[in-house]
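**Student:** Encoded as structure tokens, here's the structure I'll be asking about.
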Amino acid sequence: MKSKECVAMILAGGQGSRLGILTKNVAKPAVPFGGKYRIIDFPLSNCSHSGIDTVGVLTQYQPLELNTYIGSGSSWDLNRKDGGVYVLPPYQTAEKGEWYKGTANAIYQNKGFIDQYNPEYVVILSGDHIYKMDYSKMVSAHKKAKADATIAVIEVPWDEASRFGIMNTDENMQITEFAEKPKEPKSNLASMGVYVFTWSVLKKYLIADENDPSSDNDFGKNIIPAMLGDGKKLLAYRFSGYWKDVGTIQSLWEANMELLDETPAFEIGDEWRVYSKNPALPPHYIADTARVKNCFITEGCEIKGSVERSIIFEGVTVEEGAIVKDSILFPNSHIGAGSVVRKAIVGNDSVLKDNVKIGTDADDALDSYTNLKICSDGISVIGVGITIDEGIKIAPQSMVTRNVKNKTEDKK
Amino acid sequence: MQNKVLGLVFADNPEVDLGVLMNNRSLAAVPVGGRYRIIDFILSNMVNSGIINIGITTQSNYQSLMDHIGTGRSWDLDRKNEGLFLLPPYIESATASDTVLGGIDTIYGAMDYLKRSRQEYVIVSNCNTICNIDYRKVFKAHIDNDADITMVCFKVDKLEESELKRSILVNANEKSGLISDIQIYPSKQSNNLSYMHTFIIKRELLIDLVEDCVSHGEHIISKDLLLRRVKNGRVFAYTFDGYNQTIDSIQTFFKFNLDLLNKEVRDELFATDGDNKIYTKPKDMTPTKYGKGADVSASFIADGCKIDGVVKNSIIFRGVNVGSGASIENSIIMQQSDIMDNCMVENAIFDKEVILRSGKKLVGQETYPVVIGKRTVV
């Protein structure tokens, strides 16, 4: 196998339980974002633009959709003769077989994959952030400083710093201390979950970590502190662009809505194109009864109703008289005539029949789906492949996880 | 018809004139329908019918066609064996390039490709008749009829004189479909079956007939190949009853595009719920962003646009910008055109990358749309 200077590994294993019903059947990286993307399109496109052509995607939770989505990798120009993109689930060997126990263990189990390419450096990425970053610049900084590990950091507001992994650095940006979610943060430089390691160094630590039965096999908790303890050179690499964790319903909704700002903080459509799989659908059709303002609409949609401040994915139908506001409609969902969808995320292939009201304050609205653990800020979530019968009203901040039948029809 | 048929598609047609839309591009590469090129429809039809060996003959200016088609990956034609073949023009001698070649000569130019292909049958077709057709049905009819040639036709009503002069009409037995005569560009309409410039034939027979024509100095497919076989062989008509539109003039180009505003046409042609989708080269554009000033109705809009003005009854290609206060009606605006603030456009066709500076007005007639060439700045 041809040697590569750099191999990227994307940690896409997480269920993302804070996204509730949206990740019931798909891993978090396969969750739709921004009208035609999946979250994993962002790290994959970054790799492609950064000249990293060998990428492993580590997955163990509901891998089918992610596997199908990535396919040969041609959508990201990652179908290469040497290298390319590989989906790497856990596997069994003659001695043993086990699930990925932690982020470090996931890389440990795939050290054979990395070794094939005999790389100098390994870039470790997480599959649940929205950002555009040139990893090659970070690798150059790592190389130049002769560091053992480089961790990308971003300044976060001080009052939020205790939610992140915080890096304390000296004046040369060398990391002196790593604090996971500190109560009293000494710095506001948060780890972005983007690491560059010198592979020969990391490999030793992964093996030692695997042999320590008390370890959680986690980069943040075990590998980084161990390297710091041994006096290895760990560098913080400052990133100043847009970076957003979309791990909760509220942050996912917000990040989508931000795309619609007059001058958005994050511009998907600049020269650093975000690639995604092409669904082979025709352009969208806006009917003469439609009204579309301040929204994203993509291929294969038929819009006959009113859509305002919303993100509409491929293949969506909005029937006549329907009103969609402050909402995100995932692929192939259907909004029936006269239905009203306010501040909601509607899952793939879900069908709202006629005159359904989502997020309504009406007195007779169903509040049995209210879920304050997953939903907040008045946002409702309709799961994947759900059918909601005619005339049903659903209160704000609901999470609908199964079909909602019309009771009056049942009696007939 | 599991890999029994190969496709031979003509990327050009000397009888078609689309004016500036064909400056520096072949007919097959003319953009249509918001995100497609003319060739996408026939390529997708062939692929969806199980054809995996397709040759495309080219005449000149095939750079943009090559850019579009690449390795054929978008149609799943980047195959280990067979796949997609672009066949550059074949010129026997230096002087031959001065003469306008007929279809026979074009097929003759692809003789090497035809001779080394393995498939028993060939579908020969123009690229500019747009439809969603299942060639497996045509093939089945061809075999069932034990035909030498099967010509794909469609039923027409009373034709205008101008249409008649561009039509090849077919006299076929209503029950069996056996063709007794064909009239090429007639002045009077004697029947209502019109040829769609697609036929199916055994590969060996095609090679024999073409070589025979060439040795007799004959050039025209309809007259010298099809009509002759009608007289002394078994030629059948297959009647296609779906939507089809041949693009052979600015008017028919305009009509086809605006036909897409009709839901029945869209549903049939793009078959979004079926397996017979139309494929094209993806461009990785973002979704289209509608601004607060957008007022859009009855329009077909591709990805990557920024729309802040009025759009009515129009086809908008990828990456078009419509400024605030601008209005576009009954028009076709191709990719990356920029219609700045307060412009007014009506009954117009804009080729790619046209810039209309703020406040400009461009109005054509419904029957005679104004056509603006690629990269024009107004």
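Order determines the names: the first chain of the structure tokens is A, the second B, and so forth; residues in each chain are numbered 1 upward, and ligands are numbered 1 upward as they are shown.
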Could you pull the residues within 9 Å of B:Leu43, counting only C-alpha atoms, minus those fewer than 2 positions along the same chain, as a list in words?
**Tutor:**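 Surrounding residues, per the criterion: Gly7, Val9, Ile39, Asp40, Phe41, Asn45, Met46, Val47, Asn48, Ile54, Trp75, Cys127, Ile278 and Tyr279 of chain B.
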**Student:** Go ahead and save the residues from that selection, with N, CA, C and O atoms, as an mmCIF file, in the first residue's frame.
**Tutor:**
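Just written: result_17.cif:
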```cif
data_model
loop_
_atom_site.group_PDB
_atom_site.id
_atom_site.type_symbol
_atom_site.label_atom_id
_atom_site.label_comp_id
_atom_site.auth_asym_id
_atom_site.auth_seq_id
_atom_site.Cartn_x
_atom_site.Cartn_y
_atom_site.Cartn_z
ATOM 1 N N GLY B 7 -26.409 1.208 -27.197
ATOM 2 C CA GLY B 7 -27.019 2.463 -27.633
ATOM 3 C C GLY B 7 -26.054 3.248 -28.500
ATOM 4 O O GLY B 7 -24.868 3.334 -28.196
ATOM 5 N N VAL B 9 -25.955 7.040 -29.992
ATOM 6 C CA VAL B 9 -26.674 8.309 -29.885
ATOM 7 C C VAL B 9 -25.937 9.385 -30.676
ATOM 8 O O VAL B 9 -24.715 9.507 -30.561
ATOM 9 N N ILE B 39 -28.761 15.679 -23.434
ATOM 10 C CA ILE B 39 -28.333 14.277 -23.475
ATOM 11 C C ILE B 39 -28.743 13.475 -22.235
ATOM 12 O O ILE B 39 -28.865 12.253 -22.292
ATOM 13 N N ASP B 40 -28.982 14.152 -21.107
ATOM 14 C CA ASP B 40 -29.284 13.439 -19.860
ATOM 15 C C ASP B 40 -30.492 12.522 -19.989
ATOM 16 O O ASP B 40 -30.546 11.461 -19.376
ATOM 17 N N PHE B 41 -31.479 12.973 -20.781
ATOM 18 C CA PHE B 41 -32.715 12.216 -20.853
ATOM 19 C C PHE B 41 -32.501 10.883 -21.565
ATOM 20 O O PHE B 41 -32.861 9.835 -21.047
ATOM 21 N N ASN B 45 -32.624 7.195 -19.896
ATOM 22 C CA ASN B 45 -33.565 6.201 -20.423
ATOM 23 C C ASN B 45 -32.854 4.900 -20.760
ATOM 24 O O ASN B 45 -33.338 3.809 -20.476
ATOM 25 N N MET B 46 -31.698 5.039 -21.407
ATOM 26 C CA MET B 46 -30.964 3.832 -21.807
ATOM 27 C C MET B 46 -30.475 3.065 -20.583
ATOM 28 O O MET B 46 -30.643 1.847 -20.489
ATOM 29 N N VAL B 47 -29.877 3.801 -19.638
ATOM 30 C CA VAL B 47 -29.362 3.154 -18.430
ATOM 31 C C VAL B 47 -30.501 2.496 -17.648
ATOM 32 O O VAL B 47 -30.393 1.364 -17.199
ATOM 33 N N ASN B 48 -31.625 3.213 -17.523
ATOM 34 C CA ASN B 48 -32.768 2.666 -16.795
ATOM 35 C C ASN B 48 -33.361 1.442 -17.493
ATOM 36 O O ASN B 48 -34.065 0.648 -16.879
ATOM 37 N N ILE B 54 -22.854 2.396 -24.381
ATOM 38 C CA ILE B 54 -23.441 3.503 -25.144
ATOM 39 C C ILE B 54 -22.339 4.276 -25.844
ATOM 40 O O ILE B 54 -21.348 4.683 -25.228
ATOM 41 N N TRP B 75 -24.237 8.564 -14.569
ATOM 42 C CA TRP B 75 -25.250 7.650 -15.112
ATOM 43 C C TRP B 75 -24.879 6.203 -14.780
ATOM 44 O O TRP B 75 -25.431 5.273 -15.345
ATOM 45 N N CYS B 127 -30.547 12.649 -30.014
ATOM 46 C CA CYS B 127 -30.539 12.931 -28.572
ATOM 47 C C CYS B 127 -31.615 13.937 -28.189
ATOM 48 O O CYS B 127 -31.897 14.129 -27.019
ATOM 49 N N ILE B 278 -34.210 10.582 -13.953
ATOM 50 C CA ILE B 278 -33.307 11.217 -14.910
ATOM 51 C C ILE B 278 -32.066 11.683 -14.144
ATOM 52 O O ILE B 278 -32.170 12.407 -13.160
ATOM 53 N N TYR B 279 -30.907 11.256 -14.604
ATOM 54 C CA TYR B 279 -29.652 11.586 -13.924
ATOM 55 C C TYR B 279 -28.923 12.707 -14.649
ATOM 56 O O TYR B 279 -29.068 12.884 -15.850
#
```
**Student:** Please identify every residue of chain A that has at least one atom no farther than 8 Å from an atom of chain B, counting only C-alpha atoms, and for each give the shortest atom pair and the distance in Å to one decimal, arranged by chain then increasing number, as a tab-separated table.
**Tutor:**
```
residue	atom	partner	partner_atom	distance
A:Gly35	CA	B:Pro287	CA	6.1
A:Lys36	CA	B:Pro287	CA	6.7
A:Leu260	CA	B:Lys289	CA	7.9
A:Ile268	CA	B:Thr286	CA	6.9
A:Gly269	CA	B:Thr286	CA	5.7
A:Arg273	CA	B:Asp284	CA	7.1
A:Val274	CA	B:Asp284	CA	7.1
A:Tyr275	CA	B:Asp284	CA	5.6
A:Ser276	CA	B:Asp284	CA	6.8
A:Asn278	CA	B:Pro282	CA	6.5
A:Ala280	CA	B:Tyr279	CA	5.7
A:Leu281	CA	B:Thr272	CA	6.6
A:Pro282	CA	B:Phe270	CA	6.7
A:Pro283	CA	B:Ala302	CA	4.3
A:His284	CA	B:Ile301	CA	5.3
A:Tyr285	CA	B:Phe300	CA	4.5
A:Ile286	CA	B:Ser299	CA	5.3
A:Ala287	CA	B:Ala298	CA	4.3
A:Asp288	CA	B:Ser297	CA	4.1
A:Thr289	CA	B:Ser297	CA	7.0
A:Ala290	CA	B:Ser297	CA	6.4
A:Arg291	CA	B:Asp295	CA	6.8
A:Val292	CA	B:Ala294	CA	6.8
A:Lys293	CA	B:Lys292	CA	5.1
A:Asn294	CA	B:Gly291	CA	4.4
A:Cys295	CA	B:Tyr290	CA	5.2
A:Phe296	CA	B:Lys289	CA	4.7
A:Ile297	CA	B:Thr288	CA	5.4
A:Thr298	CA	B:Pro287	CA	4.6
A:Glu299	CA	B:Ala302	CA	6.5
A:Gly300	CA	B:Thr272	CA	7.6
```
**Student:** What's the 10 Å shell around A:Ser17, counting only C-alpha atoms, without same-chain residues fewer than 2 positions away, as a ChimeraX atom specification?
**Tutor:** /A:14-15,19-24,27-28,247-248,374
**Student:** Just checking: using only C-alpha atoms, which residue out of A:Ser75, A:Ser215, A:Ser376, A:Asn403 ends up closest to A:Ser251?
**Tutor:**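 Of A:Ser75, A:Ser215, A:Ser376, A:Asn403, the one nearest A:Ser251, counting only C-alpha atoms, is A:Ser376.
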**Student:** Using DSSP on the backbone, list every residue of stretch 77-247 of chain A that comes out as strand (DSSP E or B), and give them as an MDAnalysis selection string.
**Tutor:** chainID A and resid 84:88 92 97 121:126 129:131 149:155 165:169 174:180 189:198 234:238 243:245
**Student:** Taking only C-alpha atoms into account, which of A:Phe239, A:Ile124, A:Glu308, A:Ile130 comes nearest A:Phe219?
**Tutor:**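 Of all the options, A:Ile124 lies closest to A:Phe219.
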**Student:** Near A:Arg80, counting only C-alpha atoms, which residues have an atom at most 12 Å away, once you skip same-chain residues fewer than 3 positions from it, shown as a list in words?
**Tutor:**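 Counting only the stated atoms, we get Lys2, Ser48, Ile52, Asp53, Thr54, Val55, Ser72, Gly73, Ser74, Ser75, Trp76, Asp77, Gly83, Gly84, Val85 and Tyr86 of chain A.
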**Student:** With C-alpha atoms retained, export the selected residues as a compact mmCIF listing (two decimals), in the first residue's frame.
**Tutor:**
```
# COMPACT_ATOMS: atom_id res chain seq x y z
CA LYS A 2 1.21 3.49 -0.84
CA SER A 48 -11.44 16.33 0.78
CA ILE A 52 -6.58 14.11 3.04
CA ASP A 53 -7.70 11.27 0.79
CA THR A 54 -7.64 8.40 3.27
CA VAL A 55 -10.43 8.48 5.82
CA SER A 72 -17.97 4.48 -2.51
CA GLY A 73 -17.15 7.99 -1.26
CA SER A 74 -17.40 9.44 -4.77
CA SER A 75 -19.64 12.28 -3.58
CA TRP A 76 -16.69 13.68 -1.60
CA ASP A 77 -14.12 12.74 -4.23
CA GLY A 83 -6.83 5.35 0.07
CA GLY A 84 -10.42 6.58 -0.06
CA VAL A 85 -13.12 6.41 2.59
CA TYR A 86 -13.81 3.29 4.63
```
**Student:** Using only C-alpha atoms, which of B:Gln183, B:Thr239, B:Thr376, B:Thr58 sits nearest B:Leu227?
**Tutor:**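 Distance minimum relative to B:Leu227 lands on B:Gln183.
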**Student:** Pick out the residues sitting within 8 Å of B:Leu362, and hand them over as a count of residues only; count only C-alpha atoms, and ignore anything fewer than 3 positions along from it in its own chain.
**Tutor:** 5
**Student:** Find the distance between atom CA of B:Gln365 and atom CA of B:Ile349 and write it in Å to one decimal.
**Tutor:**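 Computed distance, atom CA of B:Gln365 to atom CA of B:Ile349, equals 11.1 Å.
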**Student:** Which polymer residues have any atom within 10 Å of an atom of B:Tyr185, counting only C-alpha atoms, with same-chain residues fewer than 5 positions away left out, as a PyMOL selection string?
**Tutor:** chain B and resi 162-169
**Student:** Would you mind listing what lies within 10 Å of A:Asp209 as a VMD selection string, with only C-alpha atoms counted and same-chain residues fewer than 4 positions away left out?
**Tutor:** chain A and resid 104 to 105 108 203 to 205 213 to 219 222 to 223 226
**Student:** Run DSSP on the backbone and give me the residues of stretch 50-234 of chain A it puts in helix (DSSP H, G or I), as a PyMOL selection string.
**Tutor:** chain A and resi 63-70+74-76+103-109+111-116+135-144+158-163+199-210+219-229
